[in-house]
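As stored in run.txt (compact mmCIF, C-alpha atoms and all ligand atoms):
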# COMPACT_ATOMS: atom_id res chain seq x y z
CA MET P 1 0.00 0.00 0.00
CA THR P 2 1.41 3.42 -0.92
CA THR P 3 0.95 6.33 1.47
CA TYR P 4 -1.16 9.35 0.63
CA PRO P 5 0.75 12.41 -0.56
CA THR P 6 0.24 15.19 1.98
CA VAL P 7 -0.94 18.76 1.44
CA PRO P 8 -0.60 21.76 3.77
CA TYR P 9 -3.58 22.34 6.03
CA ILE P 10 -3.95 26.03 6.69
CA ARG P 11 -7.05 27.64 8.13
CA GLU P 12 -7.53 31.19 9.09
CA ARG P 13 -7.20 31.31 12.89
CA LEU P 14 -10.18 32.98 14.55
CA SER P 15 -9.73 35.20 17.57
CA HIS P 16 -11.17 33.73 20.77
CA GLU P 17 -14.08 36.15 20.48
CA GLU P 18 -14.73 35.04 16.89
CA SER P 19 -14.59 31.37 17.96
CA ILE P 20 -17.10 31.96 20.71
CA ALA P 21 -19.40 33.92 18.39
CA ALA P 22 -19.20 31.19 15.74
CA ALA P 23 -19.90 28.46 18.31
CA ARG P 24 -22.85 30.45 19.60
CA ALA P 25 -24.23 30.96 16.09
CA PHE P 26 -23.94 27.22 15.40
CA LEU P 27 -25.67 26.47 18.71
CA ASP P 28 -28.50 28.88 17.89
CA THR P 29 -29.08 27.04 14.59
CA ALA P 30 -28.76 23.61 16.25
CA LEU P 31 -31.40 24.60 18.79
CA LEU P 32 -33.87 25.25 15.97
CA ARG P 33 -33.83 21.53 15.15
CA ARG P 34 -36.71 19.46 16.44
CA THR P 35 -37.66 15.90 15.66
CA VAL P 36 -40.75 16.32 13.49
CA ARG P 37 -43.46 13.71 12.95
CA GLU P 38 -46.02 15.91 11.15
CA PHE P 39 -44.79 16.94 7.73
CA SER P 40 -46.20 19.18 5.02
CA GLY P 41 -46.32 17.55 1.60
CA ASP P 42 -44.89 20.71 0.03
CA PRO P 43 -41.96 20.08 -2.31
CA ILE P 44 -38.42 20.77 -1.12
CA PRO P 45 -35.27 21.62 -3.09
CA ILE P 46 -33.61 18.25 -3.72
CA GLU P 47 -30.35 20.06 -4.48
CA ALA P 48 -30.28 21.10 -0.79
CA LEU P 49 -30.53 17.41 0.15
CA GLU P 50 -27.64 16.56 -2.14
CA LEU P 51 -25.53 19.35 -0.63
CA ALA P 52 -26.42 18.13 2.88
CA ILE P 53 -25.36 14.62 1.87
CA ALA P 54 -22.07 16.05 0.58
CA ALA P 55 -21.63 17.59 4.06
CA ALA P 56 -22.44 14.20 5.64
CA ALA P 57 -19.90 12.53 3.37
CA SER P 58 -17.22 14.94 4.62
CA ALA P 59 -17.39 13.21 8.02
CA PRO P 60 -14.37 11.35 9.37
CA SER P 61 -14.50 7.57 8.99
CA GLY P 62 -12.42 4.59 10.03
CA ALA P 63 -9.36 4.37 7.72
CA ASN P 64 -11.23 6.85 5.47
CA MET P 65 -13.32 3.98 4.11
CA GLN P 66 -16.45 6.17 3.96
CA PRO P 67 -18.69 3.17 4.64
CA TRP P 68 -21.98 4.84 3.75
CA GLN P 69 -24.56 5.08 0.99
CA PHE P 70 -27.49 7.49 0.82
CA VAL P 71 -30.71 6.81 -1.11
CA ILE P 72 -33.07 9.73 -1.73
CA VAL P 73 -36.62 8.46 -2.24
CA THR P 74 -39.21 10.84 -3.69
CA ASP P 75 -41.20 8.34 -5.81
CA PRO P 76 -44.67 8.10 -4.19
CA ALA P 77 -45.01 4.40 -5.08
CA ILE P 78 -41.73 3.54 -3.33
CA LYS P 79 -42.62 5.71 -0.33
CA GLN P 80 -45.93 3.82 -0.13
CA GLN P 81 -44.12 0.47 -0.16
CA ILE P 82 -41.75 1.66 2.56
CA ARG P 83 -44.66 2.88 4.69
CA ALA P 84 -46.54 -0.41 4.34
CA ALA P 85 -43.48 -2.48 5.27
CA ALA P 86 -42.49 -0.18 8.15
CA GLU P 87 -46.02 -0.18 9.59
CA LYS P 88 -46.13 -3.98 9.44
CA GLU P 89 -42.95 -4.24 11.50
CA GLU P 90 -43.89 -1.41 13.83
CA TYR P 91 -47.33 -2.92 14.48
CA ASP P 92 -45.66 -6.10 15.68
CA SER P 93 -43.13 -4.11 17.71
CA TYR P 94 -45.76 -2.03 19.50
CA ASN P 95 -47.98 -5.08 20.00
CA GLY P 96 -45.73 -7.56 21.74
CA ARG P 97 -42.12 -7.23 20.56
CA MET P 98 -41.18 -4.18 22.63
CA PRO P 99 -40.93 -4.87 26.36
CA GLU P 100 -43.20 -2.94 28.78
CA GLU P 101 -40.31 -0.77 29.98
CA TRP P 102 -39.63 0.41 26.42
CA LEU P 103 -43.29 1.18 25.77
CA ARG P 104 -43.41 3.16 29.04
CA ALA P 105 -40.31 5.14 27.99
CA LEU P 106 -41.97 6.02 24.66
CA ALA P 107 -45.43 6.77 26.07
CA PRO P 108 -44.65 10.48 26.74
CA LEU P 109 -43.78 10.90 23.03
CA GLN P 110 -47.13 9.42 21.93
CA THR P 111 -45.60 7.45 19.07
CA ASP P 112 -47.41 4.42 17.71
CA TRP P 113 -47.17 1.99 14.79
CA ARG P 114 -48.77 4.37 12.31
CA LYS P 115 -46.17 6.02 10.06
CA GLU P 116 -48.09 8.22 7.60
CA PHE P 117 -45.14 10.62 7.53
CA LEU P 118 -43.34 8.05 5.34
CA GLU P 119 -45.76 8.95 2.54
CA ILE P 120 -46.43 12.58 3.37
CA ALA P 121 -42.84 13.81 3.67
CA PRO P 122 -41.67 14.85 0.19
CA ALA P 123 -38.40 12.92 0.53
CA LEU P 124 -36.95 10.06 2.53
CA ILE P 125 -33.20 9.72 2.88
CA VAL P 126 -32.31 6.12 3.62
CA VAL P 127 -28.79 5.78 5.00
CA PHE P 128 -27.07 2.44 4.53
CA LYS P 129 -23.89 1.31 6.22
CA GLU P 130 -21.44 -0.73 4.17
CA GLU P 131 -20.44 -3.54 6.50
CA TYR P 132 -17.57 -4.22 4.12
CA GLY P 133 -16.48 -2.79 0.78
CA LEU P 134 -16.30 -4.56 -2.54
CA ALA P 135 -13.18 -4.11 -4.67
CA ALA P 136 -13.47 -3.95 -8.45
CA ASP P 137 -12.65 -7.69 -8.63
CA GLY P 138 -15.37 -8.49 -6.07
CA ALA P 139 -12.93 -9.06 -3.17
CA LYS P 140 -14.13 -7.97 0.27
CA VAL P 141 -12.51 -4.85 1.76
CA THR P 142 -12.67 -4.63 5.56
CA HIS P 143 -14.35 -1.51 6.94
CA TYR P 144 -13.52 -0.18 10.42
CA TYR P 145 -15.65 1.57 13.04
CA VAL P 146 -18.62 1.36 10.70
CA ASN P 147 -21.30 2.29 13.24
CA GLU P 148 -19.30 5.18 14.63
CA SER P 149 -18.45 6.48 11.14
CA VAL P 150 -22.01 6.31 9.82
CA GLY P 151 -23.37 7.75 13.08
CA ILE P 152 -21.08 10.78 12.76
CA ALA P 153 -22.07 11.20 9.10
CA CYS P 154 -25.75 11.10 10.07
CA GLY P 155 -25.09 13.78 12.68
CA PHE P 156 -23.53 15.99 10.02
CA LEU P 157 -26.48 15.23 7.72
CA LEU P 158 -29.12 16.19 10.29
CA ALA P 159 -27.20 19.39 11.13
CA ALA P 160 -26.86 20.32 7.45
CA LEU P 161 -30.53 19.66 6.66
CA ASN P 162 -31.50 21.70 9.72
CA ALA P 163 -29.23 24.56 8.60
CA ALA P 164 -31.02 24.42 5.23
CA GLY P 165 -34.30 25.07 7.04
CA LEU P 166 -35.60 21.53 6.58
CA ALA P 167 -37.26 19.36 9.19
CA THR P 168 -36.22 15.76 9.78
CA LEU P 169 -37.18 12.69 11.74
CA THR P 170 -34.64 10.09 12.83
CA HIS P 171 -36.78 7.04 12.21
CA THR P 172 -35.64 3.51 12.97
CA PRO P 173 -38.38 1.05 12.12
CA SER P 174 -37.28 -2.25 13.57
CA PRO P 175 -36.17 -4.52 12.03
CA MET P 176 -35.25 -2.49 8.91
CA GLY P 177 -34.26 -5.31 6.56
CA PHE P 178 -37.20 -4.51 4.27
CA LEU P 179 -35.38 -1.36 3.11
CA ARG P 180 -32.61 -3.45 1.54
CA GLU P 181 -35.18 -5.41 -0.41
CA ILE P 182 -37.43 -2.54 -1.51
CA LEU P 183 -34.46 -0.40 -2.53
CA GLN P 184 -32.60 -3.37 -4.03
CA ARG P 185 -29.33 -2.75 -2.25
CA PRO P 186 -26.31 -5.08 -2.48
CA LYS P 187 -25.58 -7.63 0.25
CA ASN P 188 -22.74 -5.63 1.84
CA GLU P 189 -25.17 -2.83 2.79
CA LYS P 190 -27.40 -2.71 5.87
CA PRO P 191 -30.04 -0.05 6.55
CA TYR P 192 -28.83 2.32 9.28
CA LEU P 193 -31.32 5.18 9.50
CA LEU P 194 -34.46 6.33 7.70
CA ILE P 195 -34.80 10.11 7.59
CA PRO P 196 -38.04 11.71 6.35
CA VAL P 197 -37.26 15.27 5.21
CA GLY P 198 -39.62 18.16 4.53
CA TYR P 199 -41.20 21.21 6.04
CA PRO P 200 -43.19 20.86 9.23
CA ALA P 201 -46.96 20.78 8.67
CA ALA P 202 -48.66 24.10 9.45
CA GLU P 203 -50.36 22.44 12.44
CA CYS P 204 -47.19 20.59 13.53
CA ARG P 205 -46.68 20.35 17.28
CA VAL P 206 -43.67 18.92 19.10
CA PRO P 207 -43.29 17.81 22.69
CA ASP P 208 -42.09 20.49 25.10
CA ILE P 209 -38.93 18.60 26.08
CA GLN P 210 -35.84 20.08 27.67
CA LYS P 211 -32.25 19.14 26.92
CA LYS P 212 -29.86 18.46 29.81
CA GLY P 213 -27.95 21.61 30.75
CA LEU P 214 -24.16 21.77 30.43
CA ALA P 215 -23.76 21.45 34.21
CA LYS P 216 -25.28 17.97 34.00
CA ILE P 217 -23.16 16.69 31.11
CA VAL P 218 -19.77 18.43 31.22
CA SER P 219 -16.92 17.86 33.66
CA HIS P 220 -13.80 20.03 33.67
CA LEU P 221 -10.60 18.62 35.08
N1 LIG P 301 -39.10 2.65 16.07
C1 LIG P 301 -40.35 2.95 16.76
C2 LIG P 301 -40.19 3.11 18.23
C3 LIG P 301 -39.39 4.22 18.73
C4 LIG P 301 -38.28 3.96 19.49
C5 LIG P 301 -37.55 4.96 20.05
I1 LIG P 301 -35.99 4.51 21.26
C6 LIG P 301 -37.92 6.30 19.85
O1 LIG P 301 -37.18 7.33 20.41
C7 LIG P 301 -39.04 6.58 19.10
C8 LIG P 301 -39.76 5.54 18.53
C9 LIG P 301 -41.06 4.12 16.11
O2 LIG P 301 -40.49 4.75 15.24
O3 LIG P 301 -42.20 4.41 16.47
Show how you would write the structure in this file as structure tokens.
Ligand code: IYR
Amino acid sequence: MTTYPTVPYIRERLSHEESIAAARAFLDTALLRRTVREFSGDPIPIEALELAIAAAASAPSGANMQPWQFVIVTDPAIKQQIRAAAEKEEYDSYNGRMPEEWLRALAPLQTDWRKEFLEIAPALIVVFKEEYGLAADGAKVTHYYVNESVGIACGFLLAALNAAGLATLTHTPSPMGFLREILQRPKNEKPYLLIPVGYPAAECRVPDIQKKGLAKIVSHL
């Protein structure tokens, strides 16, 4: 294996005040994000989704393997298939598969097996993790820290979509194997996260939850 050539990495250094102002501005935008379950069907600019995916794909990954694939679904017939399959799994989950403790934890959020947002949201981004890569000759290429890498990329993606003024839902129908079949993905890919994207419905409401304050989550040594 040859090494990568290197290039200088030079960034303009911000003053401390500029750093703090930039961090505050990012925080202000991050705080606008809410998990949305009631979407408007209004169209969204797909180019903004592609740019947000480019931001996601800039994430660090184990050995720079970039073990991710993103499928943008806008076709109503495919969204309908995904909704039907997700609701089938979720019905079973809510009616016996999820233990009582889990159902109690979710009760305040008032979620249930019905997933109409999968058809109403103008786009679904389905994120797949590549458990291993496939070389041109079909040989398997080991991927490292796949869950961490794809999780970080999804964080970037949600932040970028939010910055673009779009609402998202981090949806994890369980199990998600049906997405591989409906979207005809190769055997090295596993569904990781299903993200409906759109504008919130005019009547959209979200739970009045609070995030833990810094004092509860940060220690200085
Ligand atoms: N996947 C289910 C259940 C669910 C689980 C968790 I943990 C949540 O934070 C929210 C929902 C569903 O989407 O309804």
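Each of P:Tyr145, P:Tyr199, P:Pro122, P:Tyr9 was checked against Ala63 of chain P using all atoms listed in the file; the smallest atom-to-atom distance is that of P:Tyr145.
Going from atom C1 of ligand LIG 301 (chain P) to atom CA of Thr35 of chain P covers 13.3 Å.
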Near-ligand residues for ligand LIG 301 (chain P), threshold 8 Å, all atoms listed in the file, as a list in words: Glu90, Ser93, Tyr94, Trp102, Leu106, Leu109, Thr111, Asp112, Trp113, Arg114, Lys115, His171, Thr172, Pro173 and Ser174 of chain P
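Here atom CA of Tyr132 of chain P stands at a distance of 20.2 Å from atom CA of Pro175 of chain P.
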Counting all atoms listed in the file, what is within 7 Å of segment 163-170 of chain P, bar same-chain residues fewer than 2 positions away, as an mmCIF file with C-alpha atoms, keeping the file's coordinate frame?
data_model
loop_
_atom_site.group_PDB
_atom_site.id
_atom_site.type_symbol
_atom_site.label_atom_id
_atom_site.label_comp_id
_atom_site.auth_asym_id
_atom_site.auth_seq_id
_atom_site.Cartn_x
_atom_site.Cartn_y
_atom_site.Cartn_z
ATOM 1 C CA THR P 29 -29.080 27.040 14.590
ATOM 2 C CA THR P 35 -37.660 15.900 15.660
ATOM 3 C CA VAL P 36 -40.750 16.320 13.490
ATOM 4 C CA ARG P 37 -43.460 13.710 12.950
ATOM 5 C CA ALA P 48 -30.280 21.100 -0.790
ATOM 6 C CA ALA P 159 -27.200 19.390 11.130
ATOM 7 C CA ALA P 160 -26.860 20.320 7.450
ATOM 8 C CA LEU P 161 -30.530 19.660 6.660
ATOM 9 C CA THR P 172 -35.640 3.510 12.970
ATOM 10 C CA LEU P 193 -31.320 5.180 9.500
ATOM 11 C CA LEU P 194 -34.460 6.330 7.700
ATOM 12 C CA ILE P 195 -34.800 10.110 7.590
ATOM 13 C CA PRO P 196 -38.040 11.710 6.350
ATOM 14 C CA VAL P 197 -37.260 15.270 5.210
ATOM 15 C CA GLY P 198 -39.620 18.160 4.530
ATOM 16 C CA TYR P 199 -41.200 21.210 6.040
ATOM 17 C CA PRO P 200 -43.190 20.860 9.230
#
Could you list as a list of chain:residue names every residue that has an atom within 10 Å of (-30.7, 9.2, 0.5), using the file's coordinates and counting only C-alpha atoms? P:Leu49, P:Glu50, P:Ile53, P:Gln69, P:Phe70, P:Val71, P:Ile72, P:Val73, P:Thr74, P:Ala123, P:Leu124, P:Ile125, P:Val126, P:Val127, P:Phe128, P:Leu193, P:Leu194, P:Ile195, P:Pro196
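Nearest to Lys187 of chain P of all the residues P:Ala86, P:Ala57, P:Lys129, P:Lys211 is P:Lys129, based on only C-alpha atoms.
Residues within 8 Å of His143 of chain P, counting all atoms listed in the file and excluding same-chain residues fewer than 5 positions away, are Gly62, Ala63, Met65, Pro67, Glu130, Glu131, Tyr132 and Gly133 of chain P.
What separates atom CA of Leu179 of chain P from atom CA of Cys204 of chain P is a distance of 27.0 Å.
With distances restricted to only C-alpha atoms, P:Asn188 is the closest residue to Lys140 of chain P from P:Asn188, P:Asp28, P:Glu12, P:Pro207.
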Just the residues within 10 Å of Glu203 of chain P, please, counting only C-alpha atoms, with nothing from its chain fewer than 6 positions along; format it as a list in words. Glu38, Phe39 and Ser40 of chain P
